[in-house]
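protein-v4.txt (compact mmCIF, C-alpha atoms)
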# COMPACT_ATOMS: atom_id res chain seq x y z
CA MET A 12 -47.52 14.47 30.29
CA ILE A 13 -45.74 14.59 26.96
CA VAL A 14 -45.80 18.22 25.82
CA ALA A 15 -45.78 19.12 22.15
CA GLU A 16 -46.32 22.08 19.84
CA GLN A 17 -47.92 22.22 16.42
CA LYS A 18 -45.72 22.67 13.40
CA SER A 19 -46.48 25.68 11.20
CA LEU A 20 -49.14 25.22 8.53
CA ASP A 21 -46.47 25.91 5.88
CA GLU A 22 -44.30 23.06 7.15
CA ILE A 23 -47.30 20.73 7.38
CA LYS A 24 -48.27 21.62 3.78
CA SER A 25 -44.73 20.87 2.68
CA LEU A 26 -44.78 17.50 4.48
CA ILE A 27 -48.08 16.61 2.84
CA GLY A 28 -46.66 17.36 -0.60
CA ASP A 29 -48.81 16.08 -3.44
CA ALA A 30 -50.94 13.63 -1.42
CA GLU A 31 -54.61 14.13 -2.32
CA ARG A 32 -56.43 12.29 0.46
CA VAL A 33 -55.06 13.27 3.85
CA LEU A 34 -56.21 11.87 7.19
CA VAL A 35 -55.38 14.02 10.22
CA VAL A 36 -55.18 11.79 13.29
CA GLY A 37 -55.47 13.42 16.72
CA CYS A 38 -54.64 11.79 20.02
CA GLY A 39 -56.90 11.95 23.07
CA THR A 40 -54.22 11.83 25.72
CA CYS A 41 -51.17 14.05 26.44
CA VAL A 42 -51.39 16.26 23.37
CA THR A 43 -55.08 16.89 24.02
CA VAL A 44 -54.26 18.22 27.47
CA CYS A 45 -51.52 20.50 26.12
CA PHE A 46 -53.82 21.76 23.33
CA ALA A 47 -51.54 20.61 20.51
CA GLY A 48 -53.11 17.54 18.92
CA GLY A 49 -56.50 16.62 20.39
CA ALA A 50 -59.84 16.31 18.59
CA ARG A 51 -60.32 20.07 18.47
CA GLU A 52 -56.86 20.73 17.07
CA ALA A 53 -57.21 17.89 14.54
CA ALA A 54 -60.46 19.42 13.25
CA ILE A 55 -58.88 22.89 13.04
CA VAL A 56 -55.78 21.61 11.21
CA ALA A 57 -57.96 19.63 8.78
CA ALA A 58 -60.18 22.66 8.08
CA SER A 59 -57.13 24.92 7.73
CA LEU A 60 -55.55 22.52 5.24
CA ARG A 61 -58.76 22.28 3.22
CA MET A 62 -58.94 26.07 3.00
CA ALA A 63 -55.22 26.65 2.42
CA THR A 64 -54.90 24.03 -0.33
CA LYS A 65 -58.08 25.31 -2.02
CA LEU A 66 -56.61 28.81 -2.04
CA ASP A 67 -53.40 27.36 -3.50
CA GLY A 68 -55.51 25.98 -6.35
CA ASN A 69 -55.08 22.34 -5.37
CA GLY A 70 -57.85 21.58 -2.89
CA LYS A 71 -57.23 18.37 -1.01
CA ASP A 72 -59.61 15.90 0.60
CA VAL A 73 -58.64 16.35 4.25
CA THR A 74 -60.56 14.56 7.00
CA ASP A 75 -59.81 14.07 10.67
CA VAL A 76 -60.30 11.48 13.38
CA THR A 77 -59.06 11.25 16.95
CA VAL A 78 -58.24 8.11 18.90
CA GLN A 79 -57.98 7.68 22.63
CA ARG A 80 -54.25 6.90 22.43
CA GLN A 81 -52.11 6.77 19.30
CA CYS A 82 -49.40 4.88 21.17
CA GLU A 83 -51.35 1.60 21.45
CA TRP A 84 -52.14 -0.73 18.55
CA GLU A 85 -55.67 -1.45 19.80
CA TYR A 86 -56.78 2.14 19.37
CA LEU A 87 -55.22 2.36 15.91
CA ASP A 88 -57.11 -0.75 14.82
CA GLU A 89 -60.32 1.24 15.30
CA ILE A 90 -59.34 3.62 12.48
CA ALA A 91 -57.62 1.09 10.20
CA GLU A 92 -60.19 1.55 7.45
CA GLN A 93 -59.80 5.34 7.42
CA ILE A 94 -56.01 5.05 7.41
CA GLU A 95 -56.07 2.59 4.52
CA GLY A 96 -58.32 4.96 2.55
CA ALA A 97 -55.89 7.87 2.84
CA ASP A 98 -52.83 8.66 0.70
CA LEU A 99 -51.07 10.09 3.71
CA VAL A 100 -51.59 10.25 7.47
CA LEU A 101 -50.80 13.47 9.31
CA SER A 102 -50.34 12.47 12.93
CA LEU A 103 -51.04 15.03 15.62
CA GLY A 104 -49.73 12.61 18.22
CA CYS A 105 -46.32 12.85 19.83
CA GLY A 106 -43.35 11.18 18.17
CA ILE A 107 -44.50 7.89 19.67
CA GLY A 108 -47.90 8.19 18.01
CA VAL A 109 -46.34 8.91 14.61
CA GLN A 110 -44.10 5.86 14.92
CA ALA A 111 -46.92 3.68 16.22
CA ILE A 112 -48.93 4.44 13.07
CA ALA A 113 -45.90 3.89 10.83
CA GLU A 114 -45.13 0.58 12.53
CA HIS A 115 -48.72 -0.65 12.56
CA PHE A 116 -49.43 0.35 8.96
CA PRO A 117 -46.15 -0.45 7.17
CA ARG A 118 -47.38 0.56 3.72
CA LYS A 119 -48.80 3.91 4.78
CA TRP A 120 -46.85 7.17 4.62
CA VAL A 121 -47.19 9.07 7.90
CA VAL A 122 -45.83 12.51 8.74
CA PRO A 123 -45.73 14.47 12.01
CA GLY A 124 -47.87 17.55 12.58
CA LEU A 125 -46.29 18.28 15.95
CA ASN A 126 -42.88 18.85 17.41
CA THR A 127 -42.67 16.71 20.55
CA SER A 128 -41.00 18.93 23.10
CA PHE A 129 -40.59 17.37 26.54
CA MET A 130 -42.17 15.64 29.52
CA GLY A 131 -43.58 18.23 31.84
CA LEU A 132 -46.57 19.88 33.43
CA PRO A 133 -48.63 23.04 33.15
CA THR A 134 -47.33 25.49 35.76
CA GLU A 135 -50.16 27.89 34.94
CA GLN A 136 -52.77 28.09 32.21
CA GLY A 137 -50.94 28.21 28.88
CA VAL A 138 -47.48 27.54 30.34
CA TRP A 139 -45.79 24.13 30.33
CA ALA A 140 -42.42 23.36 31.86
CA GLU A 141 -40.08 20.37 31.62
CA ARG A 142 -39.88 18.15 34.68
CA CYS A 143 -38.52 14.73 33.69
CA ALA A 144 -35.77 13.60 31.31
CA ALA A 145 -36.54 9.86 31.61
CA CYS A 146 -32.98 9.07 32.67
CA GLY A 147 -34.08 5.64 33.87
CA ASP A 148 -32.48 5.93 37.31
CA CYS A 149 -34.57 8.36 39.35
CA VAL A 150 -32.72 10.52 41.88
CA LEU A 151 -35.73 12.50 43.11
CA GLY A 152 -35.52 10.68 46.47
CA LEU A 153 -32.19 12.38 47.07
CA THR A 154 -33.06 15.81 45.76
CA GLY A 155 -36.32 16.62 47.48
CA GLY A 156 -38.52 15.84 44.49
CA ILE A 157 -36.76 18.33 42.19
CA CYS A 158 -34.99 16.80 39.20
CA PRO A 159 -31.44 18.03 38.56
CA ILE A 160 -31.32 16.13 35.27
CA ALA A 161 -34.32 17.85 33.70
CA ARG A 162 -34.22 21.18 35.50
CA CYS A 163 -30.52 22.01 35.71
CA SER A 164 -29.33 23.30 32.34
CA LYS A 165 -26.15 21.24 32.72
CA SER A 166 -27.89 18.24 34.34
CA LEU A 167 -25.38 18.56 37.15
CA LEU A 168 -25.51 16.10 40.01
CA ASN A 169 -23.22 18.17 42.22
CA GLY A 170 -24.54 21.66 41.60
CA PRO A 171 -25.03 24.49 41.77
CA CYS A 172 -22.41 25.66 39.31
CA GLY A 173 -20.80 29.08 39.19
CA GLY A 174 -23.51 30.26 36.84
CA SER A 175 -26.18 30.24 39.55
CA GLU A 176 -26.96 33.87 40.34
CA GLY A 177 -29.55 34.89 42.87
CA GLY A 178 -31.34 31.58 42.42
CA HIS A 179 -31.43 31.82 38.63
CA CYS A 180 -29.59 30.03 35.84
CA GLU A 181 -26.93 31.81 33.82
CA ILE A 182 -28.40 30.68 30.51
CA ASN A 183 -31.66 32.51 31.16
CA PRO A 184 -32.75 34.50 34.21
CA ASP A 185 -36.27 33.12 33.74
CA ILE A 186 -34.99 29.65 34.60
CA PRO A 187 -34.70 28.94 38.31
CA CYS A 188 -31.49 27.23 39.38
CA ALA A 189 -32.50 23.63 40.05
CA TRP A 190 -29.82 23.22 42.70
CA GLN A 191 -30.96 26.38 44.48
CA LEU A 192 -34.48 24.91 44.48
CA ILE A 193 -33.13 21.59 45.77
CA TYR A 194 -31.11 23.26 48.52
CA ASP A 195 -34.01 25.49 49.59
CA ARG A 196 -36.46 22.58 49.72
CA LEU A 197 -34.14 20.22 51.58
CA SER A 198 -33.31 23.03 53.98
CA ALA A 199 -36.99 23.77 54.61
CA LEU A 200 -37.68 20.08 55.24
CA GLY A 201 -34.64 19.63 57.51
CA LYS A 202 -33.03 17.14 55.15
CA LEU A 203 -29.83 18.89 54.10
CA ASP A 204 -27.90 15.88 55.38
CA LEU A 205 -28.98 14.10 52.18
CA LEU A 206 -26.58 16.36 50.29
CA MET A 207 -23.68 15.30 52.49
CA ALA A 208 -23.88 11.61 51.58
CA ILE A 209 -21.35 10.53 48.97
CA GLN A 210 -23.13 9.16 45.93
CA PRO A 211 -21.57 6.80 43.40
CA PRO A 212 -21.31 8.08 39.82
CA LYS A 213 -24.68 7.96 38.08
CA ASN A 214 -25.12 5.08 35.69
CA TRP A 215 -26.10 6.80 32.45
CA LYS A 216 -26.58 3.48 30.67
CA THR A 217 -30.19 3.61 31.79
CA SER A 218 -30.58 6.90 29.91
CA ARG A 219 -30.14 7.46 26.18
CA ASP A 220 -26.43 6.73 26.54
CA GLY A 221 -27.27 3.01 26.69
CA GLY A 222 -29.07 3.09 23.33
CA PRO A 223 -32.80 2.57 22.70
CA ARG A 224 -34.47 1.28 25.85
CA LYS A 225 -36.97 -1.50 26.37
CA ILE A 226 -38.78 -2.92 29.37
CA VAL A 227 -39.90 -6.55 29.37
CA ARG A 228 -42.33 -7.69 32.07
CA ASP A 229 -42.62 -11.47 31.80
CA ASP A 230 -45.39 -11.47 34.40
CA LEU A 231 -47.55 -9.42 32.04
CA ARG A 232 -46.74 -11.04 28.73
CA LEU A 233 -49.44 -13.14 27.16
CA GLY A 234 -48.68 -16.82 27.48
CA ALA A 235 -46.32 -16.23 30.42
CA GLU A 236 -48.31 -18.64 32.62
CA GLU A 237 -47.91 -21.49 30.17
CA GLU A 238 -44.17 -21.04 29.76
CA MET B 17 -58.51 36.37 18.69
CA ALA B 18 -54.84 36.94 17.83
CA HIS B 19 -54.48 33.16 17.44
CA ILE B 20 -57.42 33.03 15.01
CA GLN B 21 -56.00 35.92 12.99
CA ASP B 22 -52.60 34.18 12.83
CA LEU B 23 -54.38 31.03 11.64
CA LEU B 24 -56.23 32.96 8.92
CA THR B 25 -52.93 34.46 7.77
CA ALA B 26 -51.30 31.00 7.64
CA ILE B 27 -54.26 29.71 5.60
CA GLY B 28 -53.89 32.61 3.18
CA LEU B 29 -56.87 34.74 4.17
CA GLU B 30 -56.83 38.33 5.39
CA PRO B 31 -56.72 38.36 9.21
CA ASP B 32 -58.97 41.42 9.27
CA ARG B 33 -61.90 39.24 8.22
CA ALA B 34 -62.34 38.21 11.86
CA GLN B 35 -62.53 40.58 14.79
CA MET B 36 -64.05 40.40 18.24
CA PHE B 37 -65.71 43.38 19.91
CA ASN B 38 -66.77 43.36 23.55
CA MET B 39 -69.85 45.26 24.65
CA SER B 40 -72.93 44.86 26.75
CA ALA B 41 -76.48 44.36 25.48
CA ALA B 42 -77.20 47.99 26.40
CA MET B 43 -74.60 49.42 23.98
CA ALA B 44 -76.77 49.69 20.88
CA SER B 45 -74.96 52.61 19.27
CA ALA B 46 -71.58 50.91 19.80
CA PHE B 47 -72.99 47.78 18.16
CA VAL B 48 -74.16 49.80 15.15
CA THR B 49 -70.74 51.46 14.86
CA VAL B 50 -68.78 48.22 14.83
CA ALA B 51 -71.33 46.52 12.55
CA GLN B 52 -70.87 49.35 10.03
CA GLU B 53 -67.10 49.21 10.47
CA MET B 54 -67.01 45.44 9.82
CA THR B 55 -69.39 45.75 6.86
CA GLU B 56 -67.17 48.39 5.27
CA ARG B 57 -64.04 46.38 6.01
CA ILE B 58 -65.45 43.18 4.48
CA ALA B 59 -66.73 45.09 1.45
CA ARG B 60 -63.25 46.52 1.01
CA LEU B 61 -61.65 43.07 1.28
CA GLY B 62 -64.09 41.62 -1.23
CA PRO B 63 -65.75 38.21 -1.38
CA ASN B 64 -64.26 35.29 0.51
CA PRO B 65 -61.92 33.72 -2.08
CA LEU B 66 -62.81 30.27 -0.77
CA ARG B 67 -66.43 30.74 -1.77
CA GLY B 68 -66.08 32.68 -5.00
CA PRO B 69 -68.19 35.60 -6.30
CA LEU B 70 -71.68 36.03 -4.87
CA ASP B 71 -73.42 35.11 -8.12
CA THR B 72 -71.77 31.68 -8.12
CA LEU B 73 -73.07 30.72 -4.68
CA THR B 74 -76.14 28.65 -3.90
CA ASP B 75 -78.96 30.19 -1.87
CA SER B 76 -77.85 28.36 1.26
CA GLU B 77 -74.25 29.51 0.77
CA ARG B 78 -75.54 33.08 0.57
CA GLY B 79 -77.44 32.46 3.81
CA GLU B 80 -80.83 32.76 2.12

For this file, write the structure as C-alpha cells.
Amino acid sequence: MIVAEQKSLDEIKSLIGDAERVLVVGCGTCVTVCFAGGAREAAIVAASLRMATKLDGNGKDVTDVTVQRQCEWEYLDEIAEQIEGADLVLSLGCGIGVQAIAEHFPRKWVVPGLNTSFMGLPTEQGVWAERCAACGDCVLGLTGGICPIARCSKSLLNGPCGGSEGGHCEINPDIPCAWQLIYDRLSALGKLDLLMAIQPPKNWKTSRDGGPRKIVRDDLRLGAEEE
Amino acid sequence: MAHIQDLLTAIGLEPDRAQMFNMSAAMASAFVTVAQEMTERIARLGPNPLRGPLDTLTDSERGE
C-alpha cells in the first residue's frame, strides 16, 4: 500500500490560509488502511479545523467527505458538487489523490493534508515499513523476494557494503541489512547460486531516472477494437 | 489517550480536559475519587472556550 502520515494541524491551517469553505476529502483505500486519511481521519481533521479556527476567532465552514479512491476520475465525479461548492479542497489522499483532484477540477485550489511517505506494509500494528521503490524493473526473482533497491540504504545491487555490521545497516542499527537478509534467505532456500550469476548493469531508465513514467495498454483503451 | 491530548493541544484546547481512567464496575470509591478530581480540574480550567460562558448556552448545549 501507499503509506502516508498526516501533516501537523498548524501546517494544514497555514495551507488553508483565508479560505472560508473547506472540503476535507478522505480516501477509502491505502491511506485508510494506514490510518492517515480515511473517513475517520477526514472527520477528525474537519472537526479539529472547525474548533481550531473558531478558537483563532475566524471559524471556518469545514465539511468532509470520503471517496472510495481519490486516484480515479469516476470516484471524484461523485463529489463534484461538493468540490465546486468549496473555496478550497484539503485532500487526505496520497500525492496521487491530490493531483487527481487538481487535474480533474482545474479551477479548484487543492492542498495536501498528508505527507506521502513510501510503498510498504504494516510489519506489526502501528508500524509500517518500506518494501518497494517502483524501480520499474523488478529484481525480486534474483534476490529471494527481498528488494535491495527499497531496503538497502544505498540501493546496492552487489551488497552488502562495508557498513553491514552484525546484520544491521550502518545508518541505523534498527534497519536490517537487506543484503544480509537476501543472503540468509537464499542460503536457507538452497539458492545461493543465484548470487553467482553475472548480471548486466540495471537499466535505471525504468525508474525515476527516465523521467515521469507512463504505461499505455492498447488492449484496454476504449475504442481499441475499432482502430 | 496521548494522541487525543496531542490533538486537543494542536486545536488550542487544554489537554487535561480529557483523561481516561480504567477501573472495574466494583470500584465505586475509585470512581467517586476520579469523578471529583475531573470535576475540580474542569472547574479550574473554566468553561470550554468553544462553547462560551454557561449563561450563553441553550438548554440542550447545557445538557438539560

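All chain A residues having an atom within 7 Å of chain B, based on only C-alpha atoms, amount to Leu20, Ser59, Met62, Ala63, Lys65 and Leu66 of chain A.
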
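Going from atom CA of A:Met12 over to atom CA of A:Val138, you cover 13.1 Å.
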
(request) Name all residues at most 10 Å from stretch 35-49 of chain B (count all atoms listed in the file; drop same-chain ones fewer than 6 positions away) and give them as number ranges by chain. (result) B: 17-18, 20-21, 55

(request) May I ask for the distance between atom CA of A:Arg118 and atom CA of A:Ala91, given in Å to one decimal place? (result) 12.1 Å

Let me know the centre plus edge lengths, in Å and rounded to one decimal, of a box with edges along x, y and z that contains all listed atoms of stretch 21-24 of chain B and is padded by 3 Å on every side, as JSON.
{"center_x": -54.4, "center_y": 33.5, "center_z": 11.0, "size_x": 9.6, "size_y": 10.9, "size_z": 10.1}

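Minimum atom-to-atom distance to A:Ser175, evaluated using only C-alpha atoms, belongs to A:Leu192 out of A:Leu192, A:Pro212, A:Ser198, A:Ile160.
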
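The protein and nucleic acid residues lying at most 6 Å from A:Pro187 are Gly178, His179 and Cys180 of chain A, with only C-alpha atoms considered and sequence neighbours fewer than 6 positions away removed.
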
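Our summary of the geometry notes that atom CA of A:Val122 is positioned 6.6 Å from atom CA of A:Leu26.
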
Mind filling out stretch 26-57 of chain B with N, CA and C atoms and sending it as an mmCIF file, in the frame of the given file?
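So selection28.cif came out as:
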data_model
loop_
_atom_site.group_PDB
_atom_site.id
_atom_site.type_symbol
_atom_site.label_atom_id
_atom_site.label_comp_id
_atom_site.auth_asym_id
_atom_site.auth_seq_id
_atom_site.Cartn_x
_atom_site.Cartn_y
_atom_site.Cartn_z
ATOM 1 N N ALA B 26 -51.998 32.217 8.075
ATOM 2 C CA ALA B 26 -51.300 31.000 7.640
ATOM 3 C C ALA B 26 -52.088 30.307 6.526
ATOM 4 N N ILE B 27 -53.404 30.350 6.617
ATOM 5 C CA ILE B 27 -54.260 29.710 5.600
ATOM 6 C C ILE B 27 -54.177 30.478 4.283
ATOM 7 N N GLY B 28 -53.975 31.791 4.392
ATOM 8 C CA GLY B 28 -53.890 32.610 3.180
ATOM 9 C C GLY B 28 -55.040 33.587 3.060
ATOM 10 N N LEU B 29 -55.756 33.791 4.161
ATOM 11 C CA LEU B 29 -56.870 34.740 4.170
ATOM 12 C C LEU B 29 -56.446 36.000 4.937
ATOM 13 N N GLU B 30 -57.166 37.094 4.695
ATOM 14 C CA GLU B 30 -56.830 38.330 5.390
ATOM 15 C C GLU B 30 -57.259 38.220 6.851
ATOM 16 N N PRO B 31 -56.358 38.482 7.790
ATOM 17 C CA PRO B 31 -56.720 38.360 9.210
ATOM 18 C C PRO B 31 -57.814 39.314 9.636
ATOM 19 N N ASP B 32 -57.959 40.425 8.900
ATOM 20 C CA ASP B 32 -58.970 41.420 9.270
ATOM 21 C C ASP B 32 -60.396 40.928 9.056
ATOM 22 N N ARG B 33 -60.548 39.763 8.427
ATOM 23 C CA ARG B 33 -61.900 39.240 8.220
ATOM 24 C C ARG B 33 -62.567 38.814 9.522
ATOM 25 N N ALA B 34 -61.770 38.592 10.549
ATOM 26 C CA ALA B 34 -62.340 38.210 11.860
ATOM 27 C C ALA B 34 -61.904 39.219 12.906
ATOM 28 N N GLN B 35 -62.824 39.610 13.728
ATOM 29 C CA GLN B 35 -62.530 40.580 14.790
ATOM 30 C C GLN B 35 -63.535 40.360 15.903
ATOM 31 N N MET B 36 -63.105 40.546 17.127
ATOM 32 C CA MET B 36 -64.050 40.400 18.240
ATOM 33 C C MET B 36 -64.201 41.760 18.938
ATOM 34 N N PHE B 37 -65.429 42.136 19.192
ATOM 35 C CA PHE B 37 -65.710 43.380 19.910
ATOM 36 C C PHE B 37 -66.466 43.023 21.189
ATOM 37 N N ASN B 38 -66.074 43.615 22.275
ATOM 38 C CA ASN B 38 -66.770 43.360 23.550
ATOM 39 C C ASN B 38 -67.678 44.526 23.888
ATOM 40 N N MET B 39 -68.913 44.205 24.205
ATOM 41 C CA MET B 39 -69.850 45.260 24.650
ATOM 42 C C MET B 39 -71.034 44.611 25.335
ATOM 43 N N SER B 40 -71.752 45.396 26.062
ATOM 44 C CA SER B 40 -72.930 44.860 26.750
ATOM 45 C C SER B 40 -74.161 44.988 25.858
ATOM 46 N N ALA B 41 -75.240 44.328 26.266
ATOM 47 C CA ALA B 41 -76.480 44.360 25.480
ATOM 48 C C ALA B 41 -77.075 45.754 25.442
ATOM 49 N N ALA B 42 -76.614 46.636 26.338
ATOM 50 C CA ALA B 42 -77.200 47.990 26.400
ATOM 51 C C ALA B 42 -76.452 48.972 25.484
ATOM 52 N N MET B 43 -75.432 48.501 24.775
ATOM 53 C CA MET B 43 -74.600 49.420 23.980
ATOM 54 C C MET B 43 -75.004 49.367 22.500
ATOM 55 N N ALA B 44 -76.241 49.797 22.245
ATOM 56 C CA ALA B 44 -76.770 49.690 20.880
ATOM 57 C C ALA B 44 -75.972 50.518 19.890
ATOM 58 N N SER B 45 -75.643 51.759 20.252
ATOM 59 C CA SER B 45 -74.960 52.610 19.270
ATOM 60 C C SER B 45 -73.558 52.064 18.985
ATOM 61 N N ALA B 46 -72.906 51.502 20.014
ATOM 62 C CA ALA B 46 -71.580 50.910 19.800
ATOM 63 C C ALA B 46 -71.698 49.718 18.859
ATOM 64 N N PHE B 47 -72.780 48.942 19.032
ATOM 65 C CA PHE B 47 -72.990 47.780 18.160
ATOM 66 C C PHE B 47 -73.140 48.238 16.706
ATOM 67 N N VAL B 48 -73.938 49.285 16.506
ATOM 68 C CA VAL B 48 -74.160 49.800 15.150
ATOM 69 C C VAL B 48 -72.833 50.262 14.547
ATOM 70 N N THR B 49 -72.031 50.947 15.364
ATOM 71 C CA THR B 49 -70.740 51.460 14.860
ATOM 72 C C THR B 49 -69.833 50.325 14.392
ATOM 73 N N VAL B 50 -69.697 49.295 15.223
ATOM 74 C CA VAL B 50 -68.780 48.220 14.830
ATOM 75 C C VAL B 50 -69.363 47.376 13.694
ATOM 76 N N ALA B 51 -70.708 47.260 13.656
ATOM 77 C CA ALA B 51 -71.330 46.520 12.550
ATOM 78 C C ALA B 51 -71.046 47.231 11.232
ATOM 79 N N GLN B 52 -71.161 48.577 11.252
ATOM 80 C CA GLN B 52 -70.870 49.350 10.030
ATOM 81 C C GLN B 52 -69.385 49.225 9.672
ATOM 82 N N GLU B 53 -68.541 49.286 10.715
ATOM 83 C CA GLU B 53 -67.100 49.210 10.470
ATOM 84 C C GLU B 53 -66.739 47.875 9.816
ATOM 85 N N MET B 54 -67.315 46.773 10.357
ATOM 86 C CA MET B 54 -67.010 45.440 9.820
ATOM 87 C C MET B 54 -67.577 45.280 8.409
ATOM 88 N N THR B 55 -68.773 45.841 8.193
ATOM 89 C CA THR B 55 -69.390 45.750 6.860
ATOM 90 C C THR B 55 -68.511 46.439 5.829
ATOM 91 N N GLU B 56 -68.041 47.645 6.197
ATOM 92 C CA GLU B 56 -67.170 48.390 5.270
ATOM 93 C C GLU B 56 -65.856 47.648 5.042
ATOM 94 N N ARG B 57 -65.326 47.088 6.124
ATOM 95 C CA ARG B 57 -64.040 46.380 6.010
ATOM 96 C C ARG B 57 -64.177 45.159 5.092
#
